[in-house]
file run-v2.cif (mmCIF, C-alpha atoms)
data_data
loop_
_atom_site.label_atom_id
_atom_site.label_comp_id
_atom_site.auth_asym_id
_atom_site.auth_seq_id
_atom_site.Cartn_x
_atom_site.Cartn_y
_atom_site.Cartn_z
CA MET A 20 32.03 20.58 -63.16
CA GLY A 21 30.09 23.58 -61.88
CA ILE A 22 26.79 21.66 -62.04
CA LEU A 23 28.27 18.71 -60.13
CA ARG A 24 29.73 20.99 -57.52
CA SER A 25 26.44 22.85 -57.12
CA SER A 26 24.53 19.56 -56.81
CA PHE A 27 27.01 18.30 -54.23
CA CYS A 28 26.71 21.51 -52.22
CA ALA A 29 22.92 21.33 -52.37
CA LEU A 30 23.00 17.70 -51.21
CA LEU A 31 25.38 18.58 -48.39
CA ALA A 32 23.12 21.42 -47.30
CA THR A 33 20.10 19.08 -47.32
CA VAL A 34 21.87 16.46 -45.23
CA SER A 35 23.13 19.10 -42.80
CA CYS A 36 19.65 20.57 -42.52
CA GLY A 37 18.15 17.12 -41.90
CA ALA A 38 20.73 16.43 -39.19
CA ALA A 39 19.97 19.75 -37.55
CA ILE A 40 16.23 18.98 -37.56
CA ALA A 41 16.90 15.53 -36.07
CA GLN A 42 19.01 17.06 -33.32
CA THR A 43 16.44 19.72 -32.41
CA ALA A 44 13.32 17.51 -32.62
CA ASP A 45 11.66 17.11 -29.23
CA PRO A 46 12.20 13.50 -28.05
CA LEU A 47 9.47 13.91 -25.40
CA PRO A 48 6.59 15.68 -27.18
CA SER A 49 3.93 14.47 -24.71
CA TRP A 50 5.71 16.04 -21.73
CA ASN A 51 5.15 19.55 -20.45
CA LYS A 52 8.22 21.58 -19.62
CA GLY A 53 8.64 21.36 -15.88
CA GLU A 54 10.87 20.12 -13.10
CA ALA A 55 10.25 16.41 -13.68
CA ARG A 56 11.15 16.52 -17.36
CA GLN A 57 14.10 18.85 -16.72
CA ARG A 58 15.57 16.61 -14.03
CA ILE A 59 15.21 13.48 -16.17
CA THR A 60 16.83 15.04 -19.26
CA ALA A 61 19.56 16.65 -17.12
CA PHE A 62 20.39 13.25 -15.64
CA VAL A 63 20.60 11.67 -19.09
CA ASP A 64 22.85 14.49 -20.27
CA THR A 65 25.07 14.08 -17.21
CA VAL A 66 25.66 10.34 -17.56
CA THR A 67 26.15 10.42 -21.35
CA ARG A 68 28.55 13.39 -21.59
CA LYS A 69 31.94 11.77 -22.14
CA ALA A 70 33.91 14.72 -20.85
CA GLY A 71 31.89 14.89 -17.63
CA LYS A 72 32.96 13.49 -14.26
CA ASP A 73 29.72 11.52 -13.95
CA TYR A 74 29.92 9.82 -17.35
CA VAL A 75 28.55 6.27 -17.29
CA ALA A 76 29.64 3.74 -19.91
CA PRO A 77 26.78 2.41 -22.08
CA GLU A 78 26.99 -1.11 -20.67
CA ALA A 79 26.21 0.29 -17.19
CA ARG A 80 23.29 2.46 -18.29
CA ILE A 81 20.57 0.22 -16.93
CA ALA A 82 17.07 1.63 -16.36
CA VAL A 83 14.33 -0.44 -14.70
CA PHE A 84 10.59 0.21 -14.92
CA ASP A 85 7.68 -1.14 -12.97
CA ASN A 86 4.84 -2.02 -15.34
CA ASP A 87 1.40 -1.72 -13.70
CA GLY A 88 0.64 1.93 -13.03
CA THR A 89 4.04 3.04 -14.33
CA LEU A 90 3.94 2.03 -17.99
CA TRP A 91 0.22 1.26 -18.39
CA SER A 92 -3.08 1.58 -16.55
CA GLU A 93 -3.65 -0.55 -13.46
CA GLN A 94 -7.15 0.71 -12.59
CA PRO A 95 -9.83 -0.48 -11.94
CA MET A 96 -7.85 -3.71 -11.45
CA TYR A 97 -4.48 -5.13 -12.43
CA VAL A 98 -4.60 -6.39 -16.00
CA GLN A 99 -3.34 -9.83 -15.04
CA MET A 100 -6.15 -10.04 -12.49
CA ALA A 101 -8.65 -9.44 -15.30
CA PHE A 102 -6.91 -12.19 -17.28
CA MET A 103 -7.15 -14.55 -14.32
CA LEU A 104 -10.86 -13.89 -13.79
CA ASP A 105 -11.55 -14.52 -17.47
CA ARG A 106 -9.57 -17.76 -17.26
CA VAL A 107 -11.78 -18.94 -14.36
CA LYS A 108 -14.87 -18.39 -16.51
CA THR A 109 -13.26 -20.17 -19.47
CA LEU A 110 -12.26 -23.19 -17.37
CA ALA A 111 -15.49 -23.35 -15.31
CA PRO A 112 -17.31 -25.85 -17.60
CA GLN A 113 -14.51 -28.35 -16.85
CA HIS A 114 -14.98 -27.79 -13.09
CA PRO A 115 -18.70 -27.89 -12.14
CA GLU A 116 -17.68 -27.99 -8.47
CA TRP A 117 -16.44 -24.38 -8.73
CA LYS A 118 -19.99 -22.95 -8.71
CA ASP A 119 -20.28 -23.85 -5.00
CA LYS A 120 -16.65 -23.42 -3.95
CA GLN A 121 -14.83 -20.25 -3.01
CA PRO A 122 -12.99 -18.33 -4.36
CA TYR A 123 -14.30 -19.59 -7.71
CA LYS A 124 -17.95 -19.01 -6.74
CA ALA A 125 -17.22 -15.32 -6.12
CA VAL A 126 -15.58 -14.97 -9.54
CA LEU A 127 -18.39 -16.72 -11.41
CA GLU A 128 -21.03 -14.63 -9.62
CA ARG A 129 -19.00 -11.42 -10.11
CA ASP A 130 -19.10 -10.92 -6.34
CA LEU A 131 -16.01 -8.76 -5.85
CA LYS A 132 -16.77 -8.23 -2.15
CA ALA A 133 -16.75 -11.98 -1.50
CA LEU A 134 -13.63 -12.31 -3.63
CA SER A 135 -11.79 -9.65 -1.63
CA GLU A 136 -12.70 -11.50 1.57
CA GLN A 137 -10.71 -14.52 0.29
CA GLY A 138 -7.53 -12.49 0.67
CA GLU A 139 -4.12 -13.49 -0.63
CA LYS A 140 -4.83 -17.17 -0.06
CA GLY A 141 -7.80 -17.02 -2.43
CA ILE A 142 -5.83 -15.15 -5.08
CA ALA A 143 -3.00 -17.69 -4.80
CA GLU A 144 -5.50 -20.52 -5.33
CA LEU A 145 -6.95 -18.81 -8.39
CA MET A 146 -3.47 -18.22 -9.81
CA ALA A 147 -2.56 -21.87 -9.35
CA ALA A 148 -5.75 -23.02 -11.04
CA THR A 149 -5.49 -20.67 -14.02
CA HIS A 150 -1.74 -20.34 -14.60
CA SER A 151 -0.41 -23.89 -14.14
CA GLY A 152 -0.92 -27.43 -15.41
CA MET A 153 0.13 -26.57 -18.95
CA SER A 154 3.34 -26.07 -20.91
CA SER A 155 5.01 -22.67 -20.95
CA ASP A 156 4.41 -22.52 -24.72
CA GLU A 157 0.69 -23.16 -24.23
CA PHE A 158 0.46 -20.47 -21.57
CA ASN A 159 2.25 -17.99 -23.85
CA ARG A 160 -0.30 -18.75 -26.56
CA ILE A 161 -3.22 -18.25 -24.18
CA ALA A 162 -1.82 -14.98 -22.81
CA THR A 163 -1.09 -13.66 -26.32
CA ASP A 164 -4.57 -14.53 -27.52
CA TRP A 165 -6.21 -12.89 -24.51
CA ILE A 166 -4.20 -9.65 -24.65
CA GLY A 167 -5.08 -9.37 -28.34
CA LYS A 168 -8.83 -9.52 -27.66
CA ALA A 169 -9.49 -8.19 -24.15
CA ARG A 170 -10.52 -4.57 -23.71
CA HIS A 171 -10.16 -2.12 -20.86
CA PRO A 172 -13.56 -1.75 -19.10
CA GLN A 173 -13.32 2.04 -18.79
CA TYR A 174 -11.81 3.03 -22.14
CA ASN A 175 -13.17 0.15 -24.27
CA ARG A 176 -9.81 -0.21 -25.96
CA PRO A 177 -7.26 -3.03 -26.00
CA TYR A 178 -5.20 -3.01 -22.83
CA THR A 179 -2.10 -2.51 -24.96
CA GLU A 180 -3.49 0.89 -25.98
CA THR A 181 -3.77 2.00 -22.35
CA ILE A 182 -0.02 2.47 -22.09
CA TYR A 183 1.18 5.90 -21.02
CA GLN A 184 2.37 7.77 -24.10
CA PRO A 185 4.89 9.94 -22.18
CA MET A 186 6.50 6.82 -20.69
CA ARG A 187 6.68 5.15 -24.11
CA GLU A 188 8.52 8.24 -25.36
CA LEU A 189 10.79 8.10 -22.33
CA LEU A 190 11.73 4.48 -23.07
CA ASP A 191 12.68 5.46 -26.64
CA TYR A 192 14.57 8.52 -25.41
CA LEU A 193 16.64 6.48 -22.96
CA ARG A 194 17.45 3.82 -25.54
CA ALA A 195 18.49 6.52 -28.02
CA ASN A 196 20.97 7.62 -25.37
CA GLY A 197 22.53 4.20 -24.90
CA PHE A 198 20.38 2.90 -22.04
CA LYS A 199 19.17 -0.67 -21.76
CA THR A 200 15.58 -0.70 -20.49
CA TYR A 201 14.11 -3.46 -18.34
CA ILE A 202 10.71 -4.15 -16.87
CA VAL A 203 10.85 -5.20 -13.20
CA SER A 204 7.24 -5.92 -12.25
CA GLY A 205 5.19 -7.76 -9.66
CA GLY A 206 3.19 -9.17 -12.57
CA GLY A 207 3.82 -12.62 -13.96
CA VAL A 208 6.87 -12.71 -16.18
CA ASP A 209 5.27 -15.18 -18.61
CA PHE A 210 2.14 -13.05 -18.83
CA MET A 211 4.18 -10.00 -19.91
CA ARG A 212 6.86 -11.45 -22.15
CA PRO A 213 4.62 -12.34 -25.13
CA TRP A 214 3.73 -8.67 -25.82
CA THR A 215 6.24 -6.28 -24.19
CA GLU A 216 8.54 -6.07 -27.21
CA LYS A 217 5.73 -5.02 -29.52
CA VAL A 218 4.20 -2.57 -27.04
CA TYR A 219 7.26 -1.11 -25.30
CA GLY A 220 10.21 -2.17 -27.40
CA ILE A 221 11.44 -4.29 -24.47
CA PRO A 222 12.36 -7.86 -25.50
CA PRO A 223 11.32 -10.81 -23.33
CA GLU A 224 14.82 -11.38 -21.97
CA GLN A 225 14.66 -7.89 -20.43
CA VAL A 226 11.47 -8.59 -18.48
CA VAL A 227 11.76 -9.54 -14.81
CA GLY A 228 8.61 -10.55 -12.95
CA SER A 229 6.98 -12.97 -10.56
CA MET A 230 7.18 -16.56 -11.68
CA GLY A 231 5.98 -20.03 -10.85
CA LYS A 232 8.13 -23.12 -10.83
CA LEU A 233 8.80 -24.99 -14.07
CA GLU A 234 9.58 -28.63 -14.61
CA PHE A 235 11.25 -30.19 -17.62
CA THR A 236 9.40 -33.26 -18.83
CA MET A 237 8.71 -35.28 -21.96
CA VAL A 238 5.20 -35.28 -23.42
CA GLU A 239 4.56 -37.66 -26.30
CA GLY A 240 8.28 -37.81 -26.92
CA LYS A 241 8.73 -34.04 -27.00
CA PRO A 242 10.56 -31.89 -24.41
CA VAL A 243 8.22 -29.56 -22.53
CA LEU A 244 8.51 -27.03 -19.72
CA LEU A 245 5.51 -27.73 -17.50
CA ARG A 246 4.10 -24.93 -15.33
CA LEU A 247 3.71 -26.06 -11.70
CA PRO A 248 1.31 -24.56 -9.09
CA GLN A 249 4.18 -23.52 -6.79
CA ILE A 250 5.67 -19.99 -6.65
CA ASP A 251 9.35 -19.61 -7.52
CA HIS A 252 9.86 -15.85 -7.15
CA VAL A 253 7.59 -12.97 -6.07
CA ASP A 254 8.91 -9.87 -7.81
CA ASP A 255 7.24 -7.26 -5.65
CA GLY A 256 8.40 -5.09 -2.76
CA PRO A 257 11.71 -6.46 -1.46
CA GLY A 258 11.56 -9.11 -4.17
CA LYS A 259 12.33 -6.50 -6.83
CA PRO A 260 15.96 -5.81 -5.83
CA VAL A 261 16.39 -9.57 -5.49
CA GLY A 262 15.02 -10.06 -9.00
CA ILE A 263 17.31 -7.36 -10.37
CA GLN A 264 20.37 -9.09 -8.95
CA LYS A 265 19.23 -12.59 -9.99
CA PHE A 266 18.17 -11.80 -13.53
CA ILE A 267 19.97 -8.61 -14.56
CA GLY A 268 23.21 -8.83 -12.60
CA ARG A 269 23.95 -5.10 -12.74
CA LYS A 270 22.72 -2.41 -10.40
CA PRO A 271 20.56 0.05 -12.38
CA ILE A 272 21.32 3.75 -12.43
CA ALA A 273 17.67 4.70 -12.98
CA ALA A 274 14.43 3.28 -11.61
CA PHE A 275 10.80 4.19 -12.26
CA GLY A 276 7.77 3.14 -10.20
CA ASN A 277 4.42 4.35 -8.94
CA SER A 278 3.55 2.56 -5.72
CA ASP A 279 4.76 1.20 -2.39
CA GLY A 280 5.44 -2.07 -4.20
CA ASP A 281 8.30 -0.26 -5.94
CA LEU A 282 9.74 1.31 -2.78
CA GLN A 283 12.57 -1.15 -2.19
CA MET A 284 13.62 -1.08 -5.85
CA LEU A 285 13.77 2.72 -5.79
CA GLN A 286 15.69 2.70 -2.50
CA TYR A 287 18.12 0.12 -3.87
CA VAL A 288 18.90 2.25 -6.90
CA ALA A 289 18.87 5.66 -5.21
CA ALA A 290 21.27 4.67 -2.42
CA ALA A 291 24.03 3.40 -4.72
CA PRO A 292 27.12 5.58 -5.29
CA GLY A 293 27.43 7.73 -8.39
CA PRO A 294 24.71 9.45 -10.39
CA ARG A 295 21.32 7.86 -9.76
CA LEU A 296 17.75 8.65 -10.77
CA ALA A 297 14.68 7.51 -8.80
CA VAL A 298 11.30 8.47 -10.29
CA ILE A 299 7.70 8.03 -9.14
CA VAL A 300 4.66 8.41 -11.38
CA HIS A 301 2.01 10.08 -9.21
CA HIS A 302 -1.55 9.53 -10.43
CA THR A 303 -3.10 12.97 -9.98
CA ASP A 304 -5.27 13.20 -13.09
CA ALA A 305 -8.89 12.28 -12.33
CA GLU A 306 -10.07 13.67 -15.66
CA ARG A 307 -7.87 11.83 -18.15
CA GLU A 308 -7.15 8.77 -16.00
CA VAL A 309 -7.70 8.11 -12.25
CA ALA A 310 -6.42 10.09 -9.26
CA TYR A 311 -5.22 7.84 -6.44
CA ASP A 312 -2.37 7.37 -3.98
CA ARG A 313 -2.41 6.76 -0.21
CA LYS A 314 -5.84 5.14 0.25
CA SER A 315 -6.04 3.08 -2.95
CA SER A 316 -6.32 -0.70 -2.65
CA ILE A 317 -4.61 -0.95 -6.05
CA GLY A 318 -1.26 0.74 -6.59
CA ARG A 319 -1.20 2.35 -3.14
CA LEU A 320 1.37 5.15 -3.00
CA ASP A 321 1.99 6.07 0.62
CA LYS A 322 5.37 5.23 2.12
CA ALA A 323 7.10 5.62 -1.24
CA LEU A 324 5.63 9.12 -1.64
CA ASP A 325 7.03 10.14 1.74
CA GLU A 326 10.39 8.60 0.84
CA ALA A 327 10.39 10.47 -2.47
CA LYS A 328 9.99 13.79 -0.71
CA ALA A 329 12.64 12.96 1.90
CA GLY A 330 15.11 11.66 -0.68
CA LYS A 331 14.33 14.35 -3.27
CA TRP A 332 13.38 11.81 -5.89
CA VAL A 333 11.65 12.94 -9.06
CA VAL A 334 7.86 12.85 -8.71
CA ILE A 335 5.94 13.03 -11.98
CA ASP A 336 2.64 14.84 -11.47
CA MET A 337 0.55 13.18 -14.18
CA LYS A 338 -1.90 16.08 -14.41
CA GLU A 339 0.73 18.80 -14.60
CA ASP A 340 3.67 17.10 -16.31
CA TRP A 341 1.96 15.23 -19.16
CA LYS A 342 0.30 16.85 -22.18
CA LYS A 343 -1.49 13.57 -22.85
CA VAL A 344 -1.79 10.33 -20.94
CA PHE A 345 -2.76 7.68 -23.49
CA PRO A 346 -1.84 7.47 -27.18
CA PHE A 347 -5.51 7.69 -28.18
CA GLN A 348 -6.18 10.97 -26.36
#
call {"tool": "encode", "arguments": {"input": "run-v2.cif", "output": "structure tokens"}}
result
Amino acid sequence: MGILRSSFCALLATVSCGAAIAQTADPLPSWNKGEARQRITAFVDTVTRKAGKDYVAPEARIAVFDNDGTLWSEQPMYVQMAFMLDRVKTLAPQHPEWKDKQPYKAVLERDLKALSEQGEKGIAELMAATHSGMSSDEFNRIATDWIGKARHPQYNRPYTETIYQPMRELLDYLRANGFKTYIVSGGGVDFMRPWTEKVYGIPPEQVVGSMGKLEFTMVEGKPVLLRLPQIDHVDDGPGKPVGIQKFIGRKPIAAFGNSDGDLQMLQYVAAAPGPRLAVIVHHTDAEREVAYDRKSSIGRLDKALDEAKAGKWVVIDMKEDWKKVFPFQ
């Protein structure tokens, strides 16, 4: 009896010790202790403390994240742009006329200056040519294959390894505290959905993004969703709050972005009644990543930075607040 009791007590002590370790383990090991981290964890504590006046029920704990520049690298160009340029090169043998026609000529000759001169109209034409005319299943296969092989030009690593380690920890931390995490991005929803669950733990149904129109049709007796060259929803700027309402149906209590393209989403969340958290990732680290904000042509952070200061939003200083930027560092 004594042996059994001693064994039981030892087991109980081990379990209690393990629980204590689990409770004291740092959920955000890649974050430095500072105001940004403190304000984020204080907010989570506030909305999850049942006895508190600002308690938020789990079903209402919605957090939305921009993707490019917020969860992974967007420099020197948006990842989906790199995908699109590679698609032009892949499809070029089927379109010999492209070698003398803009904007395709600029892509094939790697003339980025000429490509930039094509403006939004040129980009829209490239998107239509490379992202439509196939089934949604075929596009998912192409996107999955590309993201598995393509490498970041600066770090020579798969793009999926250029995610921000502190933000990946933050996603896990929020979910451990009953939050449901969504991506709300200007990127194409069908480009992101094939890989976001593996990389971020965010399933495809929790990804909101820009999208083209789809058409149901029968191909060789089988039902197919055909991708059309027309735009259905642009999930950037003011389109982000619209996308949240259309596809999530609940107003988030936390929003994370990094550029003026996220401004309206952050305003939409911050202005709602009750406890709210608006956060901007400020790219200040030229050594470990890229330092950019007001003058950048990609991920410009200008008006949103001013709004953050005026509204006392949380601004993450990448250089000061993060111990590491990427998982491989």
call {"tool": "resolve_selection", "arguments": {"input": "run-v2.cif", "expression": "the PyMOL selection byres ((chain A and resi 245) around 9)", "output": "CSV table (one decimal) with C-alpha atoms, in the coordinates of the input"}}
result
chain,number,residue,atom,x,y,z
A,151,SER,CA,-0.4,-23.9,-14.1
A,152,GLY,CA,-0.9,-27.4,-15.4
A,153,MET,CA,0.1,-26.6,-19.0
A,154,SER,CA,3.3,-26.1,-20.9
A,155,SER,CA,5.0,-22.7,-21.0
A,156,ASP,CA,4.4,-22.5,-24.7
A,232,LYS,CA,8.1,-23.1,-10.8
A,233,LEU,CA,8.8,-25.0,-14.1
A,234,GLU,CA,9.6,-28.6,-14.6
A,235,PHE,CA,11.2,-30.2,-17.6
A,236,THR,CA,9.4,-33.3,-18.8
A,243,VAL,CA,8.2,-29.6,-22.5
A,244,LEU,CA,8.5,-27.0,-19.7
A,246,ARG,CA,4.1,-24.9,-15.3
A,247,LEU,CA,3.7,-26.1,-11.7
call {"tool": "closest_atom_pairs", "arguments": {"input": "run-v2.cif", "of": "segment 284-321 of chain A", "to": "segment 170-181 of chain A", "cutoff": "12 Å", "atoms": "only C-alpha atoms", "output": "JSON lines"}}
result
{"residue": "A:Arg307", "atom": "CA", "partner": "A:Tyr174", "partner_atom": "CA", "distance": 10.4}
{"residue": "A:Glu308", "atom": "CA", "partner": "A:Gln173", "partner_atom": "CA", "distance": 9.5}
{"residue": "A:Val309", "atom": "CA", "partner": "A:Gln173", "partner_atom": "CA", "distance": 10.5}
call {"tool": "closest_residue", "arguments": {"input": "run-v2.cif", "among": "A:Met186, A:Ile166, A:Val126, A:Met100", "to": "Pro346 of chain A", "atoms": "all atoms listed in the file"}}
result
A:Met186
call {"tool": "resolve_selection", "arguments": {"input": "run-v2.cif", "expression": "the PyMOL selection byres ((chain A and resi 333-345) around 7)", "output": "PyMOL selection string"}}
result
chain A and resi 49-51+53+55+181-185+297-304+307+331-332+346-348
call {"tool": "write_last_selection", "arguments": {"input": "run-v2.cif", "atoms": "C-alpha atoms", "output": "PDB file, in the coordinates of the input"}}
result
ATOM      1  CA  SER A  49       3.930  14.470 -24.710  1.00  0.00           C
ATOM      2  CA  TRP A  50       5.710  16.040 -21.730  1.00  0.00           C
ATOM      3  CA  ASN A  51       5.150  19.550 -20.450  1.00  0.00           C
ATOM      4  CA  GLY A  53       8.640  21.360 -15.880  1.00  0.00           C
ATOM      5  CA  ALA A  55      10.250  16.410 -13.680  1.00  0.00           C
ATOM      6  CA  THR A 181      -3.770   2.000 -22.350  1.00  0.00           C
ATOM      7  CA  ILE A 182      -0.020   2.470 -22.090  1.00  0.00           C
ATOM      8  CA  TYR A 183       1.180   5.900 -21.020  1.00  0.00           C
ATOM      9  CA  GLN A 184       2.370   7.770 -24.100  1.00  0.00           C
ATOM     10  CA  PRO A 185       4.890   9.940 -22.180  1.00  0.00           C
ATOM     11  CA  ALA A 297      14.680   7.510  -8.800  1.00  0.00           C
ATOM     12  CA  VAL A 298      11.300   8.470 -10.290  1.00  0.00           C
ATOM     13  CA  ILE A 299       7.700   8.030  -9.140  1.00  0.00           C
ATOM     14  CA  VAL A 300       4.660   8.410 -11.380  1.00  0.00           C
ATOM     15  CA  HIS A 301       2.010  10.080  -9.210  1.00  0.00           C
ATOM     16  CA  HIS A 302      -1.550   9.530 -10.430  1.00  0.00           C
ATOM     17  CA  THR A 303      -3.100  12.970  -9.980  1.00  0.00           C
ATOM     18  CA  ASP A 304      -5.270  13.200 -13.090  1.00  0.00           C
ATOM     19  CA  ARG A 307      -7.870  11.830 -18.150  1.00  0.00           C
ATOM     20  CA  LYS A 331      14.330  14.350  -3.270  1.00  0.00           C
ATOM     21  CA  TRP A 332      13.380  11.810  -5.890  1.00  0.00           C
ATOM     22  CA  PRO A 346      -1.840   7.470 -27.180  1.00  0.00           C
ATOM     23  CA  PHE A 347      -5.510   7.690 -28.180  1.00  0.00           C
ATOM     24  CA  GLN A 348      -6.180  10.970 -26.360  1.00  0.00           C
TER      25      GLN A 348
END
call {"tool": "closest_atom_pairs", "arguments": {"input": "run-v2.cif", "of": "segment 119-208 of chain A", "to": "segment 263-277 of chain A", "cutoff": "12 Å", "atoms": "all atoms listed in the file", "output": "tab-separated table"}}
result
residue	atom	partner	partner_atom	distance
A:Met186	CA	A:Phe275	CA	9.8
A:Leu189	CA	A:Phe275	CA	10.8
A:Leu190	CA	A:Phe275	CA	10.9
A:Leu193	CA	A:Ala273	CA	10.2
A:Phe198	CA	A:Ala273	CA	9.6
A:Lys199	CA	A:Pro271	CA	9.5
A:Thr200	CA	A:Ala273	CA	9.5
A:Tyr201	CA	A:Ile267	CA	8.7
A:Ile202	CA	A:Phe275	CA	9.5
A:Val203	CA	A:Ile263	CA	7.4
A:Ser204	CA	A:Gly276	CA	9.3
A:Gly205	CA	A:Gly276	CA	11.2
A:Val208	CA	A:Phe266	CA	11.6
call {"tool": "atom_distance", "arguments": {"input": "run-v2.cif", "atom1": "atom CA of Lys108 of chain A", "atom2": "atom CA of Ala143 of chain A"}}
result
16.7 Å
call {"tool": "residues_around", "arguments": {"input": "run-v2.cif", "residues": "Thr149 of chain A", "least_positions_apart": "4", "cutoff": "12 Å", "atoms": "all atoms listed in the file", "output": "PDB file with C-alpha atoms, in the frame of the given file"}}
result
ATOM      1  CA  GLN A  99      -3.340  -9.830 -15.040  1.00  0.00           C
ATOM      2  CA  MET A 100      -6.150 -10.040 -12.490  1.00  0.00           C
ATOM      3  CA  ALA A 101      -8.650  -9.440 -15.300  1.00  0.00           C
ATOM      4  CA  PHE A 102      -6.910 -12.190 -17.280  1.00  0.00           C
ATOM      5  CA  MET A 103      -7.150 -14.550 -14.320  1.00  0.00           C
ATOM      6  CA  LEU A 104     -10.860 -13.890 -13.790  1.00  0.00           C
ATOM      7  CA  ASP A 105     -11.550 -14.520 -17.470  1.00  0.00           C
ATOM      8  CA  ARG A 106      -9.570 -17.760 -17.260  1.00  0.00           C
ATOM      9  CA  VAL A 107     -11.780 -18.940 -14.360  1.00  0.00           C
ATOM     10  CA  LYS A 108     -14.870 -18.390 -16.510  1.00  0.00           C
ATOM     11  CA  THR A 109     -13.260 -20.170 -19.470  1.00  0.00           C
ATOM     12  CA  LEU A 110     -12.260 -23.190 -17.370  1.00  0.00           C
ATOM     13  CA  ALA A 111     -15.490 -23.350 -15.310  1.00  0.00           C
ATOM     14  CA  HIS A 114     -14.980 -27.790 -13.090  1.00  0.00           C
ATOM     15  CA  TYR A 123     -14.300 -19.590  -7.710  1.00  0.00           C
ATOM     16  CA  ILE A 142      -5.830 -15.150  -5.080  1.00  0.00           C
ATOM     17  CA  ALA A 143      -3.000 -17.690  -4.800  1.00  0.00           C
ATOM     18  CA  GLU A 144      -5.500 -20.520  -5.330  1.00  0.00           C
ATOM     19  CA  LEU A 145      -6.950 -18.810  -8.390  1.00  0.00           C
ATOM     20  CA  MET A 153       0.130 -26.570 -18.950  1.00  0.00           C
ATOM     21  CA  PHE A 158       0.460 -20.470 -21.570  1.00  0.00           C
ATOM     22  CA  ILE A 161      -3.220 -18.250 -24.180  1.00  0.00           C
ATOM     23  CA  ALA A 162      -1.820 -14.980 -22.810  1.00  0.00           C
ATOM     24  CA  PHE A 210       2.140 -13.050 -18.830  1.00  0.00           C
ATOM     25  CA  GLY A 231       5.980 -20.030 -10.850  1.00  0.00           C
ATOM     26  CA  ARG A 246       4.100 -24.930 -15.330  1.00  0.00           C
ATOM     27  CA  LEU A 247       3.710 -26.060 -11.700  1.00  0.00           C
ATOM     28  CA  PRO A 248       1.310 -24.560  -9.090  1.00  0.00           C
TER      29      PRO A 248
END
call {"tool": "residues_around", "arguments": {"input": "run-v2.cif", "residues": "segment 281-289 of chain A", "least_positions_apart": "2", "cutoff": "6 Å", "atoms": "all atoms listed in the file", "output": "compact mmCIF listing (two decimals) with C-alpha atoms, in the coordinates of the input"}}
result
# COMPACT_ATOMS: atom_id res chain seq x y z
CA GLY A 256 8.40 -5.09 -2.76
CA PRO A 257 11.71 -6.46 -1.46
CA LYS A 259 12.33 -6.50 -6.83
CA PRO A 260 15.96 -5.81 -5.83
CA ALA A 274 14.43 3.28 -11.61
CA GLY A 276 7.77 3.14 -10.20
CA SER A 278 3.55 2.56 -5.72
CA ASP A 279 4.76 1.20 -2.39
CA ALA A 291 24.03 3.40 -4.72
CA ARG A 295 21.32 7.86 -9.76
CA ALA A 297 14.68 7.51 -8.80
CA ALA A 323 7.10 5.62 -1.24
call {"tool": "atom_distance", "arguments": {"input": "run-v2.cif", "atom1": "atom CA of Thr65 of chain A", "atom2": "atom CA of Pro77 of chain A"}}
result
12.8 Å
call {"tool": "residues_around", "arguments": {"input": "run-v2.cif", "residues": "Asp87 of chain A", "least_positions_apart": "4", "cutoff": "8 Å", "atoms": "only C-alpha atoms", "output": "VMD selection string"}}
result
chain A and resid 91 to 93 97 to 98 204 206 318
call {"tool": "residues_around", "arguments": {"input": "run-v2.cif", "residues": "Asp45 of chain A", "least_positions_apart": "6", "cutoff": "12 Å", "atoms": "all atoms listed in the file", "output": "list in words"}}
result
Asn51, Lys52, Arg56, Thr60, Glu188, Leu189, Asp191 and Tyr192 of chain A
call {"tool": "atom_distance", "arguments": {"input": "run-v2.cif", "atom1": "atom CA of Asp73 of chain A", "atom2": "atom CA of Pro294 of chain A"}}
result
6.5 Å
call {"tool": "residues_around", "arguments": {"input": "run-v2.cif", "residues": "Thr67 of chain A", "least_positions_apart": "4", "cutoff": "8 Å", "atoms": "only C-alpha atoms", "output": "list of chain:residue names"}}
result
A:Val63, A:Tyr74, A:Val75, A:Ala76, A:Asn196
call {"tool": "closest_residue", "arguments": {"input": "run-v2.cif", "among": "A:Ala195, A:Ala70, A:Met211, A:Val83", "to": "Trp165 of chain A", "atoms": "only C-alpha atoms"}}
result
A:Met211
